Amino acid sequence: MSPASAVHPNSRWTAWHAARNVLVVRLDNLGDVLMSTPAIQAIRQSSPQARITLLGSRSGSALARHVPAIDEVIAYDAPWVKGASHGDLTDRRLLTTLRRGHFDAAIIFSGCTQSALPAAMMCRLAGIPLRLAHCRENPYDLLTDWVPDRDECREGMRHEVARQLDLVRAVGFHTANERLVFRYAATDVLNMRRKFIAAGGDLDRPYIVVHPGATAASRRYPAERFGIAAEGIRRDTGCQVVYSGGHDEQAVVATAQAEMSGPSVSLAGQLTLGELAALIAGAEVTLCNNSGPAHIAAAVETPVVVLYALTHSQHTPWRAKAHVLNHDVPCRDCLRSHCPQGHHDCLLKVQPDEVVEAALDLIEAPPPVWAPPRPLHATSALAAFG
């Protein structure tokens with residue numbers, strides 16, 4: 001066992017490239033799995049004969065069918081990951097599943113605030129001979145190869161995508177294309193179009209997508225303000241406004257719609273993941289919080305305005321045409337699900353007209369009624385990572 005970054009490539013890379021049955025572990029949210037896809041693609045391109053299995057949470061595992069590099073998936077809600085529910089796969093059954101998988105190698109992707117060691121222990125007990133992860137302390141025999149974790153949650157830290165690419169690069173996996181990977185099928189497009197029409201949408205008119213939900217309260221821009229901003233964009237461009245969200249976000253969408261004086265379409269609770277991606281891919285721009293749709297937009301190359309709470313600096317849209325809006329606060333990088341100060345200033349000090357201006361700036365071919373935007377007043381920047 002030794003730090004992978006300190007080992008001469010010829011002494012370890014050969015073993016990793018010889019692995020033909022590789023387990024990749026990413027146990028948190030769908031967006032986190034999506035940000036790991038460039039690293040997974042690097043494994044596929046460097047070892048095209050390898051079989052790659054994703055061990056992910058039930059929510060994250062839903063992405064597997066949209067990533068061609070992933071051959072199989074094991075869904076497991078890990079008790080050491082925040083927000084995990086009690087799934088059907090217990091720790092004992094997981095260990096049995098991993099042993100029966102006869103994996104040659106395991107690569108554990110984790111954020112800088114997470115420990116990879118519980119997953120490393122499971123992989124070691126399962127008899128997986130090669131095990132790689134970031135680690136802050138010496139893991140001794142829990143990992144055969146490791147990269148010292150020096151990331152700190154603060155402004156200017158490396159992006160989550162770069163973190164995972166650096167991890168696999170330490171054992172010789174590289175890719176020429178570092179974009180996020182998301183593939184949707186023709187059936188996803190057809191089903192989305194059918195649902196779009198059934199909800200009252202017009203496929204012959206341009207549209208924007210508004211996704212006002214997010215799993216953590218600290219990352220939610222008020223639904224009312226999303227509605228006000230959406231109405232401003234509709235009025236200035238003539239674009240249709242299409243809302244998306246999960247079944248549990250229908251009330252949030254209704255709140256946003258109530259702030260509009262013009263019509264809108266709601267597909268909340270109606271779309272599969274592939275259909276959501278197809279919807280976003282056809283949009284002029286997407287408005288959302290720091291959530292999965294922001295990363296889907298980056299993957300399908302749709303411009304995106306992200307109301308980005310300053311709870312964590314590492315997860316802005318990767319290599320995307322984007323405006324990231326927030327108001328700087330001294331309590332940034334709090335890593336909290338609820339604003340610890342109670343004021344939520346990092347988002348509440350961004351006004352809806354600033355969201356409108358950001359969206360108009362990203363729409364490439366607006367109707368003639370569109371006017372050039374005024375300078376943005378909120379903290380805003382085109383996504384710079386990558």
# chains A, B, ... in the order shown; residues from 1 in each chain; ligands from 1
>>> residues_around(residues="Glu160 (chain A)", least_positions_apart="5", cutoff="9 Å", atoms="only C-alpha atoms", output="NGL selection string")
:A and (32 or 35-36 or 111-112 or 165 or 314-316 or 318)
>>> residues_around(residues="region 24-30 of chain A", least_positions_apart="3", cutoff="6 Å", atoms="only C-alpha atoms", output="PDB file with C-alpha atoms, in the first residue's frame")
ATOM      1  CA  VAL A  33     -22.362  10.448 -10.167  1.00  0.00           C
ATOM      2  CA  LEU A  54     -21.260   1.160 -10.709  1.00  0.00           C
ATOM      3  CA  LEU A  55     -21.973   0.770  -6.999  1.00  0.00           C
ATOM      4  CA  GLY A  56     -24.234   3.730  -6.289  1.00  0.00           C
ATOM      5  CA  SER A  57     -27.177   4.932  -4.246  1.00  0.00           C
ATOM      6  CA  SER A  59     -30.921   7.775  -6.879  1.00  0.00           C
ATOM      7  CA  GLY A  60     -27.424   7.835  -8.349  1.00  0.00           C
ATOM      8  CA  ALA A 106     -12.347  -0.924  -7.086  1.00  0.00           C
ATOM      9  CA  ILE A 107     -12.128   2.850  -7.516  1.00  0.00           C
ATOM     10  CA  ILE A 108     -13.922   4.805  -4.816  1.00  0.00           C
ATOM     11  CA  PHE A 109     -15.059   8.299  -5.775  1.00  0.00           C
TER      12      PHE A 109
END
>>> closest_atom_pairs(of="region 118-202 of chain A", to="region 223-240 of chain A", cutoff="12 Å", atoms="only C-alpha atoms", output="CSV")
residue,atom,partner,partner_atom,distance
A:Phe196,CA,A:Gln240,CA,11.3
A:Gly200,CA,A:Gln240,CA,10.4
A:Gly201,CA,A:Gln240,CA,7.7
A:Asp202,CA,A:Gln240,CA,8.1
>>> closest_residue(among="A:Met192, A:Ala185, A:Ala133, A:Leu271", to="Pro118 (chain A)", atoms="only C-alpha atoms")
A:Ala133
>>> residues_around(residues="Gly246 (chain A)", least_positions_apart="3", cutoff="12 Å", atoms="only C-alpha atoms", output="PyMOL selection string")
chain A and resi 211-215+243+249-253+266-273+276+292-293
>>> select_by_dssp(residues="region 164-256 of chain A", states="strand (DSSP E)", output="ChimeraX atom specification")
/A:207-211,240-243
>>> write_last_selection(atoms="N, CA, C and O atoms", output="compact mmCIF listing (two decimals), in the first residue's frame")
# COMPACT_ATOMS: atom_id res chain seq x y z
N TYR A 207 -38.65 27.30 -26.10
CA TYR A 207 -39.06 27.25 -24.70
C TYR A 207 -37.83 27.30 -23.78
O TYR A 207 -36.70 27.03 -24.20
N ILE A 208 -38.09 27.66 -22.54
CA ILE A 208 -37.08 27.57 -21.49
C ILE A 208 -37.56 26.55 -20.47
O ILE A 208 -38.76 26.27 -20.36
N VAL A 209 -36.63 25.94 -19.75
CA VAL A 209 -36.96 25.00 -18.68
C VAL A 209 -36.65 25.65 -17.35
O VAL A 209 -35.58 26.25 -17.16
N VAL A 210 -37.59 25.55 -16.42
CA VAL A 210 -37.40 26.06 -15.06
C VAL A 210 -37.58 24.89 -14.10
O VAL A 210 -38.63 24.24 -14.09
N HIS A 211 -36.55 24.61 -13.32
CA HIS A 211 -36.57 23.51 -12.35
C HIS A 211 -36.32 24.11 -10.97
O HIS A 211 -35.18 24.29 -10.56
N GLN A 240 -41.89 29.90 -24.49
CA GLN A 240 -42.73 29.17 -23.56
C GLN A 240 -41.93 28.88 -22.28
O GLN A 240 -40.71 28.70 -22.33
N VAL A 241 -42.63 28.79 -21.18
CA VAL A 241 -42.01 28.42 -19.91
C VAL A 241 -42.48 27.02 -19.55
O VAL A 241 -43.69 26.77 -19.43
N VAL A 242 -41.54 26.11 -19.41
CA VAL A 242 -41.85 24.72 -19.08
C VAL A 242 -41.20 24.38 -17.75
O VAL A 242 -39.98 24.50 -17.60
N TYR A 243 -42.00 23.98 -16.79
CA TYR A 243 -41.50 23.62 -15.47
C TYR A 243 -41.26 22.11 -15.38
O TYR A 243 -42.03 21.31 -15.91
>>> residues_around(residues="region 86-101 of chain A", least_positions_apart="5", cutoff="10 Å", atoms="only C-alpha atoms", output="VMD selection string")
chain A and resid 21 to 23 53 55 57 to 58 74 to 79 122 to 128
>>> write_last_selection(atoms="N, CA and C atoms", output="mmCIF file, in the first residue's frame")
data_model
loop_
_atom_site.group_PDB
_atom_site.id
_atom_site.type_symbol
_atom_site.label_atom_id
_atom_site.label_comp_id
_atom_site.auth_asym_id
_atom_site.auth_seq_id
_atom_site.Cartn_x
_atom_site.Cartn_y
_atom_site.Cartn_z
ATOM 1 N N ASN A 21 -12.380 -6.461 -14.601
ATOM 2 C CA ASN A 21 -13.683 -6.380 -13.943
ATOM 3 C C ASN A 21 -13.568 -5.312 -12.856
ATOM 4 N N VAL A 22 -14.012 -4.103 -13.189
ATOM 5 C CA VAL A 22 -13.742 -2.937 -12.353
ATOM 6 C C VAL A 22 -15.021 -2.434 -11.692
ATOM 7 N N LEU A 23 -14.946 -2.213 -10.395
ATOM 8 C CA LEU A 23 -16.053 -1.621 -9.630
ATOM 9 C C LEU A 23 -15.747 -0.149 -9.401
ATOM 10 N N THR A 53 -18.697 -1.776 -13.417
ATOM 11 C CA THR A 53 -19.925 -1.834 -12.624
ATOM 12 C C THR A 53 -19.957 -0.641 -11.685
ATOM 13 N N LEU A 55 -21.324 0.932 -8.291
ATOM 14 C CA LEU A 55 -21.973 0.770 -6.999
ATOM 15 C C LEU A 55 -22.414 2.162 -6.568
ATOM 16 N N SER A 57 -25.895 4.833 -4.941
ATOM 17 C CA SER A 57 -27.177 4.932 -4.246
ATOM 18 C C SER A 57 -28.297 4.651 -5.236
ATOM 19 N N ARG A 58 -29.501 4.449 -4.710
ATOM 20 C CA ARG A 58 -30.614 4.191 -5.624
ATOM 21 C C ARG A 58 -30.859 5.391 -6.538
ATOM 22 N N ILE A 74 -25.048 -1.742 -9.241
ATOM 23 C CA ILE A 74 -25.484 -2.287 -7.959
ATOM 24 C C ILE A 74 -25.997 -1.109 -7.141
ATOM 25 N N ALA A 75 -27.264 -1.134 -6.779
ATOM 26 C CA ALA A 75 -27.863 -0.030 -6.024
ATOM 27 C C ALA A 75 -27.772 -0.327 -4.531
ATOM 28 N N TYR A 76 -27.213 0.631 -3.800
ATOM 29 C CA TYR A 76 -26.995 0.449 -2.357
ATOM 30 C C TYR A 76 -27.011 1.801 -1.672
ATOM 31 N N ASP A 77 -27.914 1.987 -0.716
ATOM 32 C CA ASP A 77 -27.957 3.219 0.061
ATOM 33 C C ASP A 77 -27.085 3.050 1.294
ATOM 34 N N ALA A 78 -25.891 3.612 1.238
ATOM 35 C CA ALA A 78 -24.898 3.407 2.293
ATOM 36 C C ALA A 78 -25.270 4.173 3.556
ATOM 37 N N PRO A 79 -25.191 3.552 4.719
ATOM 38 C CA PRO A 79 -25.563 4.236 5.962
ATOM 39 C C PRO A 79 -24.597 5.344 6.350
ATOM 40 N N MET A 122 -15.446 -2.382 2.880
ATOM 41 C CA MET A 122 -16.329 -3.339 2.218
ATOM 42 C C MET A 122 -15.623 -4.014 1.047
ATOM 43 N N CYS A 123 -14.892 -3.231 0.275
ATOM 44 C CA CYS A 123 -14.191 -3.786 -0.888
ATOM 45 C C CYS A 123 -13.077 -4.733 -0.459
ATOM 46 N N ARG A 124 -12.386 -4.409 0.624
ATOM 47 C CA ARG A 124 -11.333 -5.293 1.120
ATOM 48 C C ARG A 124 -11.921 -6.601 1.629
ATOM 49 N N LEU A 125 -13.014 -6.516 2.398
ATOM 50 C CA LEU A 125 -13.658 -7.726 2.902
ATOM 51 C C LEU A 125 -14.203 -8.583 1.769
ATOM 52 N N ALA A 126 -14.544 -7.940 0.656
ATOM 53 C CA ALA A 126 -15.051 -8.675 -0.504
ATOM 54 C C ALA A 126 -13.926 -9.313 -1.319
ATOM 55 N N GLY A 127 -12.688 -9.049 -0.928
ATOM 56 C CA GLY A 127 -11.552 -9.667 -1.606
ATOM 57 C C GLY A 127 -11.148 -9.002 -2.903
ATOM 58 N N ILE A 128 -11.500 -7.742 -3.085
ATOM 59 C CA ILE A 128 -11.106 -7.025 -4.304
ATOM 60 C C ILE A 128 -9.635 -6.626 -4.163
#
>>> closest_residue(among="A:Tyr140, A:Trp146, A:Asp151, A:Ser61", to="Gln114 (chain A)", atoms="only C-alpha atoms")
A:Asp151
>>> atom_distance(atom1="CA of Glu259 (chain A)", atom2="CA of Leu287 (chain A)")
15.7 Å
>>> closest_residue(among="A:Thr144, A:Ser291, A:Ser46, A:Gln351", to="Leu325 (chain A)", atoms="only C-alpha atoms")
A:Gln351
>>> closest_residue(among="A:Glu354, A:Glu284, A:Glu275, A:Asp145", to="Arg193 (chain A)", atoms="only C-alpha atoms")
A:Glu275
>>> closest_residue(among="A:Thr286, A:Asn177, A:Asn191, A:Asn138", to="Ala322 (chain A)", atoms="only C-alpha atoms")
A:Thr286
>>> select_by_dssp(residues="region 44-282 of chain A", states="alpha helix (DSSP H)", output="ChimeraX atom specification")
/A:44-46,58-61,91-101,117-125,160-169,186-198,223-237,250-257,273-281
>>> atom_distance(atom1="CA of Val147 (chain A)", atom2="CA of His17 (chain A)")
17.7 Å
>>> decode(residues="region 228-241 of chain A", atoms="N, CA, C and O atoms", output="short mmCIF file (atom, residue, chain, number, x, y, z; two decimals), in the first residue's frame")
data_model
loop_
_atom_site.label_atom_id
_atom_site.label_comp_id
_atom_site.auth_asym_id
_atom_site.auth_seq_id
_atom_site.Cartn_x
_atom_site.Cartn_y
_atom_site.Cartn_z
N ILE A 228 -41.39 34.69 -10.95
CA ILE A 228 -41.26 36.09 -11.39
C ILE A 228 -40.23 36.19 -12.50
O ILE A 228 -40.44 36.87 -13.52
N ALA A 229 -39.10 35.51 -12.34
CA ALA A 229 -38.05 35.54 -13.37
C ALA A 229 -38.54 34.89 -14.66
O ALA A 229 -38.30 35.40 -15.77
N ALA A 230 -39.24 33.75 -14.53
CA ALA A 230 -39.76 33.06 -15.71
C ALA A 230 -40.72 33.95 -16.48
O ALA A 230 -40.70 33.99 -17.72
N GLU A 231 -41.57 34.68 -15.77
CA GLU A 231 -42.51 35.59 -16.42
C GLU A 231 -41.76 36.69 -17.15
O GLU A 231 -42.13 37.08 -18.27
N GLY A 232 -40.68 37.20 -16.56
CA GLY A 232 -39.90 38.23 -17.23
C GLY A 232 -39.26 37.72 -18.52
O GLY A 232 -39.23 38.43 -19.53
N ILE A 233 -38.76 36.51 -18.48
CA ILE A 233 -38.15 35.92 -19.69
C ILE A 233 -39.22 35.67 -20.75
O ILE A 233 -39.00 35.95 -21.94
N ARG A 234 -40.37 35.16 -20.34
CA ARG A 234 -41.47 34.92 -21.28
C ARG A 234 -41.90 36.22 -21.95
O ARG A 234 -42.09 36.28 -23.17
N ARG A 235 -42.02 37.26 -21.16
CA ARG A 235 -42.47 38.55 -21.68
C ARG A 235 -41.45 39.15 -22.64
O ARG A 235 -41.81 39.70 -23.68
N ASP A 236 -40.17 39.02 -22.33
CA ASP A 236 -39.13 39.65 -23.15
C ASP A 236 -38.75 38.86 -24.38
O ASP A 236 -38.21 39.42 -25.34
N THR A 237 -38.98 37.54 -24.38
CA THR A 237 -38.53 36.71 -25.51
C THR A 237 -39.67 36.02 -26.25
O THR A 237 -39.47 35.58 -27.39
N GLY A 238 -40.81 35.86 -25.63
CA GLY A 238 -41.88 35.09 -26.23
C GLY A 238 -41.72 33.60 -26.07
O GLY A 238 -42.53 32.82 -26.58
N CYS A 239 -40.67 33.16 -25.36
CA CYS A 239 -40.46 31.73 -25.15
C CYS A 239 -41.53 31.15 -24.23
O CYS A 239 -42.01 31.80 -23.30
N GLN A 240 -41.89 29.90 -24.49
CA GLN A 240 -42.73 29.17 -23.56
C GLN A 240 -41.93 28.88 -22.28
O GLN A 240 -40.71 28.70 -22.33
N VAL A 241 -42.63 28.79 -21.18
CA VAL A 241 -42.01 28.42 -19.91
C VAL A 241 -42.48 27.02 -19.55
O VAL A 241 -43.69 26.77 -19.43
#
